[in-house]
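A.B. asks: entry.cif is reproduced below (mmCIF, C-alpha atoms; chains and numbers go by the auth columns).
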data_my_file
#
loop_
_atom_site.group_PDB
_atom_site.id
_atom_site.type_symbol
_atom_site.label_atom_id
_atom_site.label_comp_id
_atom_site.label_asym_id
_atom_site.label_seq_id
_atom_site.Cartn_x
_atom_site.Cartn_y
_atom_site.Cartn_z
_atom_site.B_iso_or_equiv
_atom_site.auth_seq_id
_atom_site.auth_asym_id
ATOM 1 C CA GLY A 1 -100.159 -193.301 82.523 0.00 1 M
ATOM 2 C CA LEU A 2 -96.695 -192.501 83.845 0.00 2 M
ATOM 3 C CA ASP A 3 -96.466 -189.187 82.048 0.00 3 M
ATOM 4 C CA ALA A 4 -94.486 -187.157 84.539 0.00 4 M
ATOM 5 C CA ASP A 5 -94.030 -184.218 82.186 0.00 5 M
ATOM 6 C CA THR A 6 -97.758 -183.469 82.309 0.00 6 M
ATOM 7 C CA GLY A 7 -98.064 -184.339 85.975 0.00 7 M
ATOM 8 C CA GLN A 8 -100.385 -187.310 85.361 0.00 8 M
ATOM 9 C CA PHE A 9 -99.521 -189.569 88.289 0.00 9 M
ATOM 10 C CA ALA A 10 -101.241 -192.954 88.253 0.00 10 M
ATOM 11 C CA ALA A 11 -102.603 -195.136 91.071 0.00 11 M
ATOM 12 C CA GLY A 12 -105.572 -192.877 91.807 0.00 12 M
ATOM 13 C CA LEU A 13 -103.414 -190.181 93.401 0.00 13 M
ATOM 14 C CA ALA A 14 -104.951 -187.258 91.510 0.00 14 M
ATOM 15 C CA PRO A 15 -107.351 -186.311 94.352 0.00 15 M
ATOM 16 C CA ALA A 16 -104.555 -186.399 96.948 0.00 16 M
ATOM 17 C CA LEU A 17 -102.324 -184.239 94.755 0.00 17 M
ATOM 18 C CA SER A 18 -104.994 -181.692 93.881 0.00 18 M
ATOM 19 C CA THR A 19 -105.756 -180.492 97.396 0.00 19 M
ATOM 20 C CA GLY A 20 -103.680 -179.069 100.225 0.00 20 M
ATOM 21 C CA THR A 21 -100.218 -177.578 100.166 0.00 21 M
ATOM 22 C CA LEU A 22 -97.650 -180.061 98.917 0.00 22 M
ATOM 23 C CA THR A 23 -94.133 -180.662 97.662 0.00 23 M
ATOM 24 C CA VAL A 24 -93.757 -183.189 94.855 0.00 24 M
ATOM 25 C CA PHE A 25 -90.437 -184.657 93.728 0.00 25 M
ATOM 26 C CA ALA A 26 -91.466 -185.471 90.175 0.00 26 M
ATOM 27 C CA PRO A 27 -89.536 -188.116 88.187 0.00 27 M
ATOM 28 C CA THR A 28 -89.235 -187.548 84.452 0.00 28 M
ATOM 29 C CA ASN A 29 -90.416 -190.064 81.866 0.00 29 M
ATOM 30 C CA ALA A 30 -86.786 -191.170 81.434 0.00 30 M
ATOM 31 C CA ALA A 31 -86.595 -191.819 85.187 0.00 31 M
ATOM 32 C CA PHE A 32 -89.668 -194.064 85.005 0.00 32 M
ATOM 33 C CA GLY A 33 -88.179 -195.861 82.013 0.00 33 M
ATOM 34 C CA ALA A 34 -85.000 -196.522 83.985 0.00 34 M
ATOM 35 C CA LEU A 35 -87.065 -197.787 86.938 0.00 35 M
ATOM 36 C CA LEU A 36 -88.786 -200.374 84.763 0.00 36 M
ATOM 37 C CA THR A 37 -85.375 -201.682 83.706 0.00 37 M
ATOM 38 C CA GLU A 38 -84.084 -201.643 87.295 0.00 38 M
ATOM 39 C CA LEU A 39 -87.109 -203.549 88.624 0.00 39 M
ATOM 40 C CA GLY A 40 -87.300 -205.815 85.571 0.00 40 M
ATOM 41 C CA VAL A 41 -91.002 -205.154 84.980 0.00 41 M
ATOM 42 C CA THR A 42 -93.117 -203.751 82.165 0.00 42 M
ATOM 43 C CA LYS A 43 -94.973 -200.452 82.415 0.00 43 M
ATOM 44 C CA GLU A 44 -98.239 -202.398 82.340 0.00 44 M
ATOM 45 C CA ALA A 45 -97.155 -204.620 85.246 0.00 45 M
ATOM 46 C CA LEU A 46 -96.085 -201.610 87.323 0.00 46 M
ATOM 47 C CA LEU A 47 -99.340 -199.756 86.639 0.00 47 M
ATOM 48 C CA ALA A 48 -101.317 -202.869 87.556 0.00 48 M
ATOM 49 C CA ASN A 49 -99.527 -203.217 90.923 0.00 49 M
ATOM 50 C CA LYS A 50 -101.466 -200.468 92.676 0.00 50 M
ATOM 51 C CA PRO A 51 -100.085 -201.089 96.226 0.00 51 M
ATOM 52 C CA LEU A 52 -96.470 -200.816 95.004 0.00 52 M
ATOM 53 C CA LEU A 53 -97.261 -197.882 92.756 0.00 53 M
ATOM 54 C CA THR A 54 -99.059 -196.013 95.523 0.00 54 M
ATOM 55 C CA ALA A 55 -96.226 -196.657 98.001 0.00 55 M
ATOM 56 C CA VAL A 56 -93.615 -195.442 95.515 0.00 56 M
ATOM 57 C CA LEU A 57 -95.514 -192.363 94.348 0.00 57 M
ATOM 58 C CA THR A 58 -96.539 -191.176 97.816 0.00 58 M
ATOM 59 C CA TYR A 59 -92.853 -191.511 98.786 0.00 59 M
ATOM 60 C CA HIS A 60 -92.318 -188.539 96.415 0.00 60 M
ATOM 61 C CA VAL A 61 -94.842 -186.252 98.128 0.00 61 M
ATOM 62 C CA LEU A 62 -94.447 -184.082 101.235 0.00 62 M
ATOM 63 C CA GLY A 63 -97.471 -182.755 103.070 0.00 63 M
ATOM 64 C CA SER A 64 -96.129 -179.197 103.138 0.00 64 M
ATOM 65 C CA THR A 65 -94.478 -176.792 100.717 0.00 65 M
ATOM 66 C CA VAL A 66 -90.675 -176.952 100.896 0.00 66 M
ATOM 67 C CA VAL A 67 -88.870 -174.687 98.451 0.00 67 M
ATOM 68 C CA ARG A 68 -85.206 -175.189 97.642 0.00 68 M
ATOM 69 C CA ALA A 69 -84.036 -172.552 100.140 0.00 69 M
ATOM 70 C CA ASP A 70 -85.845 -174.365 102.969 0.00 70 M
ATOM 71 C CA VAL A 71 -84.660 -177.925 102.278 0.00 71 M
ATOM 72 C CA PRO A 72 -83.315 -179.315 105.596 0.00 72 M
ATOM 73 C CA LEU A 73 -79.982 -180.557 104.278 0.00 73 M
ATOM 74 C CA GLY A 74 -78.822 -183.821 105.826 0.00 74 M
ATOM 75 C CA LYS A 75 -81.935 -184.179 107.978 0.00 75 M
ATOM 76 C CA ALA A 76 -84.574 -186.882 107.736 0.00 76 M
ATOM 77 C CA ILE A 77 -87.453 -185.873 105.436 0.00 77 M
ATOM 78 C CA THR A 78 -90.704 -187.801 105.908 0.00 78 M
ATOM 79 C CA PRO A 79 -92.999 -188.125 102.875 0.00 79 M
ATOM 80 C CA LEU A 80 -96.710 -188.996 102.889 0.00 80 M
ATOM 81 C CA SER A 81 -95.927 -192.711 102.581 0.00 81 M
ATOM 82 C CA GLY A 82 -93.852 -192.754 105.777 0.00 82 M
ATOM 83 C CA GLY A 83 -90.215 -193.785 105.891 0.00 83 M
ATOM 84 C CA PHE A 84 -87.710 -191.076 105.122 0.00 84 M
ATOM 85 C CA PHE A 85 -85.081 -189.821 102.719 0.00 85 M
ATOM 86 C CA LYS A 86 -82.410 -187.145 102.970 0.00 86 M
ATOM 87 C CA ILE A 87 -81.171 -184.393 100.685 0.00 87 M
ATOM 88 C CA GLU A 88 -77.592 -183.115 100.656 0.00 88 M
ATOM 89 C CA ASN A 89 -75.787 -180.517 98.590 0.00 89 M
ATOM 90 C CA ALA A 90 -72.899 -182.269 96.867 0.00 90 M
ATOM 91 C CA GLY A 91 -72.294 -180.485 93.590 0.00 91 M
ATOM 92 C CA GLY A 92 -76.040 -179.911 93.397 0.00 92 M
ATOM 93 C CA LEU A 93 -78.918 -181.233 95.454 0.00 93 M
ATOM 94 C CA LYS A 94 -78.923 -185.027 95.720 0.00 94 M
ATOM 95 C CA VAL A 95 -81.479 -187.309 97.355 0.00 95 M
ATOM 96 C CA THR A 96 -80.462 -190.515 99.144 0.00 96 M
ATOM 97 C CA ASP A 97 -83.559 -192.703 99.294 0.00 97 M
ATOM 98 C CA GLY A 98 -84.566 -195.606 101.525 0.00 98 M
ATOM 99 C CA ARG A 99 -82.505 -198.036 99.453 0.00 99 M
ATOM 100 C CA ASN A 100 -79.382 -195.842 99.559 0.00 100 M
ATOM 101 C CA ARG A 101 -79.787 -194.922 95.885 0.00 101 M
ATOM 102 C CA VAL A 102 -78.683 -191.391 94.972 0.00 102 M
ATOM 103 C CA THR A 103 -80.855 -189.189 92.755 0.00 103 M
ATOM 104 C CA ASN A 104 -80.214 -185.704 91.383 0.00 104 M
ATOM 105 C CA ILE A 105 -82.722 -182.891 91.763 0.00 105 M
ATOM 106 C CA THR A 106 -82.430 -181.316 88.316 0.00 106 M
ATOM 107 C CA THR A 107 -84.933 -178.438 88.577 0.00 107 M
ATOM 108 C CA THR A 108 -86.346 -176.813 91.700 0.00 108 M
ATOM 109 C CA ASP A 109 -89.208 -174.540 92.724 0.00 109 M
ATOM 110 C CA ILE A 110 -91.673 -175.124 89.902 0.00 110 M
ATOM 111 C CA GLN A 111 -94.672 -173.313 91.351 0.00 111 M
ATOM 112 C CA ALA A 112 -98.137 -174.892 91.341 0.00 112 M
ATOM 113 C CA SER A 113 -101.440 -173.630 92.709 0.00 113 M
ATOM 114 C CA ASN A 114 -101.271 -176.103 95.579 0.00 114 M
ATOM 115 C CA GLY A 115 -97.539 -176.308 96.257 0.00 115 M
ATOM 116 C CA VAL A 116 -94.183 -176.726 94.594 0.00 116 M
ATOM 117 C CA VAL A 117 -92.578 -179.297 92.265 0.00 117 M
ATOM 118 C CA HIS A 118 -88.931 -180.353 92.080 0.00 118 M
ATOM 119 C CA LEU A 119 -87.807 -182.558 89.170 0.00 119 M
ATOM 120 C CA VAL A 120 -85.653 -185.622 89.873 0.00 120 M
ATOM 121 C CA ASP A 121 -83.742 -187.795 87.402 0.00 121 M
ATOM 122 C CA ARG A 122 -84.499 -191.082 89.132 0.00 122 M
ATOM 123 C CA VAL A 123 -87.558 -192.590 90.795 0.00 123 M
ATOM 124 C CA LEU A 124 -87.117 -192.627 94.581 0.00 124 M
ATOM 125 C CA LEU A 125 -87.711 -195.974 96.290 0.00 125 M
ATOM 126 C CA PRO A 126 -88.664 -196.520 99.943 0.00 126 M
ATOM 127 C CA ALA A 127 -86.649 -198.884 102.116 0.00 127 M
ATOM 128 C CA ASP A 128 -87.341 -202.589 101.646 0.00 128 M
ATOM 129 C CA LYS A 129 -84.748 -204.003 104.078 0.00 129 M
ATOM 130 C CA ASP A 130 -84.465 -203.812 107.862 0.00 130 M
ATOM 131 C CA ILE A 131 -81.132 -203.222 109.626 0.00 131 M
ATOM 132 C CA VAL A 132 -80.205 -206.920 109.727 0.00 132 M
ATOM 133 C CA ALA A 133 -81.000 -207.444 106.043 0.00 133 M
ATOM 134 C CA THR A 134 -79.093 -204.287 105.124 0.00 134 M
ATOM 135 C CA ALA A 135 -75.997 -205.464 107.011 0.00 135 M
ATOM 136 C CA SER A 136 -76.352 -208.975 105.574 0.00 136 M
ATOM 137 C CA ALA A 137 -76.220 -207.570 102.042 0.00 137 M
ATOM 138 C CA LEU A 138 -72.835 -205.935 102.688 0.00 138 M
ATOM 139 C CA PRO A 139 -69.849 -208.334 102.795 0.00 139 M
ATOM 140 C CA ASP A 140 -67.848 -206.127 105.168 0.00 140 M
ATOM 141 C CA PHE A 141 -70.397 -206.722 107.956 0.00 141 M
ATOM 142 C CA SER A 142 -70.559 -210.527 107.853 0.00 142 M
ATOM 143 C CA ILE A 143 -69.002 -210.925 111.333 0.00 143 M
ATOM 144 C CA LEU A 144 -71.362 -208.316 112.765 0.00 144 M
ATOM 145 C CA VAL A 145 -74.308 -210.284 111.375 0.00 145 M
ATOM 146 C CA GLU A 146 -72.880 -213.479 112.915 0.00 146 M
ATOM 147 C CA ALA A 147 -72.451 -211.703 116.236 0.00 147 M
ATOM 148 C CA VAL A 148 -75.984 -210.287 116.207 0.00 148 M
ATOM 149 C CA ALA A 149 -77.338 -213.776 115.596 0.00 149 M
ATOM 150 C CA ALA A 150 -75.129 -215.311 118.315 0.00 150 M
ATOM 151 C CA ALA A 151 -76.345 -212.696 120.807 0.00 151 M
ATOM 152 C CA GLY A 152 -79.978 -213.354 119.940 0.00 152 M
ATOM 153 C CA LEU A 153 -80.494 -209.762 118.803 0.00 153 M
ATOM 154 C CA VAL A 154 -81.808 -210.414 115.287 0.00 154 M
ATOM 155 C CA GLY A 155 -85.447 -210.058 116.319 0.00 155 M
ATOM 156 C CA THR A 156 -84.745 -206.833 118.181 0.00 156 M
ATOM 157 C CA LEU A 157 -82.961 -205.195 115.258 0.00 157 M
ATOM 158 C CA GLN A 158 -85.709 -206.336 112.898 0.00 158 M
ATOM 159 C CA GLY A 159 -88.266 -204.523 115.070 0.00 159 M
ATOM 160 C CA ALA A 160 -89.993 -201.236 114.352 0.00 160 M
ATOM 161 C CA GLY A 161 -87.240 -199.132 115.921 0.00 161 M
ATOM 162 C CA PRO A 162 -86.144 -196.626 114.967 0.00 162 M
ATOM 163 C CA PHE A 163 -82.540 -197.573 115.642 0.00 163 M
ATOM 164 C CA THR A 164 -79.162 -196.131 114.759 0.00 164 M
ATOM 165 C CA VAL A 165 -76.342 -198.672 114.590 0.00 165 M
ATOM 166 C CA PHE A 166 -72.659 -197.814 114.664 0.00 166 M
ATOM 167 C CA ALA A 167 -71.665 -200.912 112.713 0.00 167 M
ATOM 168 C CA PRO A 168 -68.132 -202.327 113.122 0.00 168 M
ATOM 169 C CA THR A 169 -66.583 -203.790 109.991 0.00 169 M
ATOM 170 C CA ASN A 170 -64.965 -207.215 109.770 0.00 170 M
ATOM 171 C CA ALA A 171 -61.570 -205.522 110.176 0.00 171 M
ATOM 172 C CA ALA A 172 -62.790 -203.880 113.382 0.00 172 M
ATOM 173 C CA PHE A 173 -63.859 -207.246 114.783 0.00 173 M
ATOM 174 C CA ALA A 174 -60.500 -208.771 113.795 0.00 174 M
ATOM 175 C CA ALA A 175 -58.736 -205.976 115.688 0.00 175 M
ATOM 176 C CA LEU A 176 -60.997 -206.574 118.707 0.00 176 M
ATOM 177 C CA LEU A 177 -60.108 -210.270 118.805 0.00 177 M
ATOM 178 C CA MET A 178 -56.407 -209.366 118.884 0.00 178 M
ATOM 179 C CA GLU A 179 -57.018 -206.694 121.527 0.00 179 M
ATOM 180 C CA LEU A 180 -58.931 -209.097 123.782 0.00 180 M
ATOM 181 C CA GLY A 181 -56.701 -212.063 122.937 0.00 181 M
ATOM 182 C CA VAL A 182 -59.629 -214.341 122.130 0.00 182 M
ATOM 183 C CA THR A 183 -60.795 -216.321 119.111 0.00 183 M
ATOM 184 C CA LYS A 184 -63.888 -215.413 117.150 0.00 184 M
ATOM 185 C CA GLU A 185 -65.492 -218.628 118.361 0.00 185 M
ATOM 186 C CA ALA A 186 -64.857 -217.703 122.001 0.00 186 M
ATOM 187 C CA LEU A 187 -66.295 -214.226 121.514 0.00 187 M
ATOM 188 C CA LEU A 188 -69.406 -215.525 119.781 0.00 188 M
ATOM 189 C CA ALA A 189 -69.887 -218.120 122.546 0.00 189 M
ATOM 190 C CA ASP A 190 -69.878 -215.451 125.294 0.00 190 M
ATOM 191 C CA GLU A 191 -73.455 -214.276 124.834 0.00 191 M
ATOM 192 C CA ALA A 192 -73.438 -211.943 127.842 0.00 192 M
ATOM 193 C CA LEU A 193 -70.311 -210.072 126.712 0.00 193 M
ATOM 194 C CA LEU A 194 -71.453 -210.073 123.105 0.00 194 M
ATOM 195 C CA THR A 195 -74.846 -208.624 124.015 0.00 195 M
ATOM 196 C CA THR A 196 -73.262 -205.883 126.137 0.00 196 M
ATOM 197 C CA VAL A 197 -70.820 -204.930 123.383 0.00 197 M
ATOM 198 C CA LEU A 198 -73.331 -204.998 120.541 0.00 198 M
ATOM 199 C CA THR A 199 -76.069 -203.048 122.322 0.00 199 M
ATOM 200 C CA TYR A 200 -73.420 -200.414 123.149 0.00 200 M
ATOM 201 C CA HIS A 201 -73.398 -199.732 119.377 0.00 201 M
ATOM 202 C CA VAL A 202 -77.153 -199.152 119.141 0.00 202 M
ATOM 203 C CA ILE A 203 -79.087 -195.949 119.835 0.00 203 M
ATOM 204 C CA PRO A 204 -82.877 -196.220 120.219 0.00 204 M
ATOM 205 C CA ALA A 205 -83.523 -193.348 117.795 0.00 205 M
ATOM 206 C CA ARG A 206 -82.843 -192.409 114.186 0.00 206 M
ATOM 207 C CA VAL A 207 -79.753 -190.179 114.064 0.00 207 M
ATOM 208 C CA LEU A 208 -78.420 -189.119 110.668 0.00 208 M
ATOM 209 C CA LYS A 209 -74.905 -187.727 110.304 0.00 209 M
ATOM 210 C CA ALA A 210 -76.130 -184.115 110.334 0.00 210 M
ATOM 211 C CA GLU A 211 -78.098 -184.809 113.521 0.00 211 M
ATOM 212 C CA VAL A 212 -75.302 -186.329 115.607 0.00 212 M
ATOM 213 C CA PRO A 213 -75.133 -184.382 118.912 0.00 213 M
ATOM 214 C CA LEU A 214 -71.459 -183.439 118.965 0.00 214 M
ATOM 215 C CA ASN A 215 -69.702 -183.163 122.337 0.00 215 M
ATOM 216 C CA THR A 216 -72.804 -184.491 124.057 0.00 216 M
ATOM 217 C CA PRO A 217 -73.207 -187.761 125.952 0.00 217 M
ATOM 218 C CA ILE A 218 -75.098 -190.334 123.855 0.00 218 M
ATOM 219 C CA ALA A 219 -77.110 -193.016 125.649 0.00 219 M
ATOM 220 C CA THR A 220 -77.001 -196.431 123.974 0.00 220 M
ATOM 221 C CA VAL A 221 -79.333 -199.378 124.325 0.00 221 M
#
Show me the file's structure as structure tokens.
C.D. replies:
Amino acid sequence: GLDADTGQFAAGLAPALSTGTLTVFAPTNAAFGALLTELGVTKEALLANKPLLTAVLTYHVLGSTVVRADVPLGKAITPLSGGFFKIENAGGLKVTDGRNRVTNITTTDIQASNGVVHLVDRVLLPADKDIVATASALPDFSILVEAVAAAGLVGTLQGAGPFTVFAPTNAAFAALLMELGVTKEALLADEALLTTVLTYHVIPARVLKAEVPLNTPIATV
């Protein structure tokens, strides 16, 4: 069952977790209880959905031992499942997962024979939205989403990437229209200009804040 306190992870992960040198971010029972409420499912339904369960649980496991002192703050951390999350020190270590949810690491460096365990107060979830879907879910980027569609770039930004997007807000687009002296309709109708402007905001790599190369030229798409 989902008995995190005794380390009994479900979904047939026991063999994977019993060999090698690993780091496990272990959610407490309360964290799993909160996840069931968040997802609106029963424990039985979650345990029966082995693909989802496996994807979520392997998102909590690193293939090497990383003790607290060695956590790469602000950098992308890649778990066994793929994807990434980041850890920052903001009044304690906090994890931002693939769905931009923030989780506290409550206890660190619990030693095990095959690695180390850190306790977390929330179940980490891998990303389930691409860049376009992420922007579409945020009201302040509605014009950007319109512009991406008008430029025919939706398919590109839904691709495998990785991409980093410097995303202008609606207010930024409003200021641009005034600066250029054009209407939104005119801007969206100029596909060549729109494509040039939008791709100037995209880097063909994943660059987190801590990894931005300061005072260095950055090549855009």
A.B. asks: In Å, rounded to a single decimal, give me how far CA of Pro72 (chain M) is from CA of Ala90 (chain M).
C.D. replies: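 Separating CA of Ala90 (chain M) from CA of Pro72 (chain M) is a distance of 13.9 Å.
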A.B. asks: Can you list, as an NGL selection string, every protein, DNA or RNA residue that comes within 10 Å of Ala205 (chain M) when you count all atoms listed in the file, leaving out same-chain residues fewer than 3 positions away?
C.D. replies: :M and (161-165 or 202 or 208 or 220-221)
A.B. asks: Can you tell me, as a count of residues only, what residues are no more than 12 Å from Pro139 (chain M) when counting only C-alpha atoms, ignoring any on the same chain fewer than 5 positions away?
C.D. replies: 8
A.B. asks: Let me know the centre plus edge lengths, in Å and rounded to one decimal, of a box with edges along x, y and z that contains all listed atoms of region 172-179 of chain M and is padded by 6 Å on every side, as AutoDock Vina command-line options.
C.D. replies:
--center_x -60.1 --center_y -207.1 --center_z 117.5 --size_x 19.5 --size_y 18.4 --size_z 20.1
A.B. asks: Which residues are close to Thr103 (chain M), i.e. within 7 Å by all atoms listed in the file, leaving aside same-chain residues fewer than 4 positions away? Reply as a ChimeraX atom specification.
C.D. replies: /M:94-96,120-122
A.B. asks: Give me the residues within 9 Å of Pro27 (chain M) as number ranges by chain, counting all atoms listed in the file and dropping any in the same chain fewer than 4 places off.
C.D. replies: M: 4-5, 31-32, 60, 118-124
A.B. asks: Write out all heavy atoms for region 109-119 of chain M, as a PDB file, in the coordinates of the input.
C.D. replies:
ATOM      1  N   ASP M 109     -88.275-175.659  92.529  1.00  0.00           N
ATOM      2  CA  ASP M 109     -89.208-174.540  92.724  1.00  0.00           C
ATOM      3  C   ASP M 109     -90.096-174.251  91.515  1.00  0.00           C
ATOM      4  O   ASP M 109     -90.295-173.103  91.125  1.00  0.00           O
ATOM      5  CB  ASP M 109     -88.438-173.272  93.119  1.00  0.00           C
ATOM      6  CG  ASP M 109     -87.757-173.404  94.468  1.00  0.00           C
ATOM      7  OD1 ASP M 109     -88.043-174.375  95.186  1.00  0.00           O
ATOM      8  OD2 ASP M 109     -86.923-172.542  94.807  1.00  0.00           O
ATOM      9  N   ILE M 110     -90.635-175.316  90.918  1.00  0.00           N
ATOM     10  CA  ILE M 110     -91.673-175.124  89.902  1.00  0.00           C
ATOM     11  C   ILE M 110     -92.979-174.895  90.656  1.00  0.00           C
ATOM     12  O   ILE M 110     -93.468-175.780  91.357  1.00  0.00           O
ATOM     13  CB  ILE M 110     -91.780-176.364  88.990  1.00  0.00           C
ATOM     14  CG1 ILE M 110     -90.434-176.630  88.298  1.00  0.00           C
ATOM     15  CG2 ILE M 110     -92.896-176.183  87.962  1.00  0.00           C
ATOM     16  CD1 ILE M 110     -90.376-177.954  87.564  1.00  0.00           C
ATOM     17  N   GLN M 111     -93.521-173.694  90.539  1.00  0.00           N
ATOM     18  CA  GLN M 111     -94.672-173.313  91.351  1.00  0.00           C
ATOM     19  C   GLN M 111     -95.959-173.916  90.794  1.00  0.00           C
ATOM     20  O   GLN M 111     -96.178-173.954  89.584  1.00  0.00           O
ATOM     21  CB  GLN M 111     -94.800-171.791  91.417  1.00  0.00           C
ATOM     22  CG  GLN M 111     -93.593-171.088  92.033  1.00  0.00           C
ATOM     23  CD  GLN M 111     -93.325-171.513  93.462  1.00  0.00           C
ATOM     24  OE1 GLN M 111     -94.240-171.610  94.270  1.00  0.00           O
ATOM     25  NE2 GLN M 111     -92.052-171.762  93.788  1.00  0.00           N
ATOM     26  N   ALA M 112     -96.808-174.398  91.698  1.00  0.00           N
ATOM     27  CA  ALA M 112     -98.137-174.892  91.341  1.00  0.00           C
ATOM     28  C   ALA M 112     -99.151-174.233  92.268  1.00  0.00           C
ATOM     29  O   ALA M 112     -98.777-173.656  93.303  1.00  0.00           O
ATOM     30  CB  ALA M 112     -98.187-176.415  91.485  1.00  0.00           C
ATOM     31  N   SER M 113    -100.423-174.315  91.905  1.00  0.00           N
ATOM     32  CA  SER M 113    -101.440-173.630  92.709  1.00  0.00           C
ATOM     33  C   SER M 113    -101.551-174.216  94.105  1.00  0.00           C
ATOM     34  O   SER M 113    -102.016-173.533  95.029  1.00  0.00           O
ATOM     35  CB  SER M 113    -102.798-173.712  92.000  1.00  0.00           C
ATOM     36  OG  SER M 113    -103.192-175.070  91.858  1.00  0.00           O
ATOM     37  N   ASN M 114    -101.145-175.458  94.273  1.00  0.00           N
ATOM     38  CA  ASN M 114    -101.271-176.103  95.579  1.00  0.00           C
ATOM     39  C   ASN M 114     -99.928-176.559  96.138  1.00  0.00           C
ATOM     40  O   ASN M 114     -99.858-177.475  96.947  1.00  0.00           O
ATOM     41  CB  ASN M 114    -102.212-177.300  95.481  1.00  0.00           C
ATOM     42  CG  ASN M 114    -101.702-178.365  94.510  1.00  0.00           C
ATOM     43  OD1 ASN M 114    -101.022-178.045  93.546  1.00  0.00           O
ATOM     44  ND2 ASN M 114    -102.022-179.625  94.788  1.00  0.00           N
ATOM     45  N   GLY M 115     -98.836-175.936  95.697  1.00  0.00           N
ATOM     46  CA  GLY M 115     -97.539-176.308  96.257  1.00  0.00           C
ATOM     47  C   GLY M 115     -96.406-176.057  95.302  1.00  0.00           C
ATOM     48  O   GLY M 115     -96.440-175.115  94.502  1.00  0.00           O
ATOM     49  N   VAL M 116     -95.388-176.913  95.385  1.00  0.00           N
ATOM     50  CA  VAL M 116     -94.183-176.726  94.594  1.00  0.00           C
ATOM     51  C   VAL M 116     -93.709-178.083  94.075  1.00  0.00           C
ATOM     52  O   VAL M 116     -93.927-179.118  94.716  1.00  0.00           O
ATOM     53  CB  VAL M 116     -93.076-176.032  95.428  1.00  0.00           C
ATOM     54  CG1 VAL M 116     -92.615-176.931  96.574  1.00  0.00           C
ATOM     55  CG2 VAL M 116     -91.912-175.607  94.574  1.00  0.00           C
ATOM     56  N   VAL M 117     -93.080-178.072  92.884  1.00  0.00           N
ATOM     57  CA  VAL M 117     -92.578-179.297  92.265  1.00  0.00           C
ATOM     58  C   VAL M 117     -91.078-179.179  92.056  1.00  0.00           C
ATOM     59  O   VAL M 117     -90.586-178.124  91.617  1.00  0.00           O
ATOM     60  CB  VAL M 117     -93.280-179.548  90.903  1.00  0.00           C
ATOM     61  CG1 VAL M 117     -92.682-180.779  90.218  1.00  0.00           C
ATOM     62  CG2 VAL M 117     -94.782-179.712  91.095  1.00  0.00           C
ATOM     63  N   HIS M 118     -90.355-180.234  92.397  1.00  0.00           N
ATOM     64  CA  HIS M 118     -88.931-180.353  92.080  1.00  0.00           C
ATOM     65  C   HIS M 118     -88.779-181.564  91.160  1.00  0.00           C
ATOM     66  O   HIS M 118     -89.343-182.630  91.443  1.00  0.00           O
ATOM     67  CB  HIS M 118     -88.087-180.572  93.334  1.00  0.00           C
ATOM     68  CG  HIS M 118     -88.317-179.563  94.420  1.00  0.00           C
ATOM     69  ND1 HIS M 118     -88.122-178.218  94.245  1.00  0.00           N
ATOM     70  CD2 HIS M 118     -88.729-179.723  95.715  1.00  0.00           C
ATOM     71  CE1 HIS M 118     -88.393-177.582  95.372  1.00  0.00           C
ATOM     72  NE2 HIS M 118     -88.766-178.474  96.283  1.00  0.00           N
ATOM     73  N   LEU M 119     -88.021-181.431  90.074  1.00  0.00           N
ATOM     74  CA  LEU M 119     -87.807-182.558  89.170  1.00  0.00           C
ATOM     75  C   LEU M 119     -86.616-183.387  89.620  1.00  0.00           C
ATOM     76  O   LEU M 119     -85.590-182.840  90.033  1.00  0.00           O
ATOM     77  CB  LEU M 119     -87.572-182.060  87.738  1.00  0.00           C
ATOM     78  CG  LEU M 119     -88.722-181.321  87.049  1.00  0.00           C
ATOM     79  CD1 LEU M 119     -88.369-181.052  85.585  1.00  0.00           C
ATOM     80  CD2 LEU M 119     -90.028-182.103  87.152  1.00  0.00           C
TER      81      LEU M 119
END
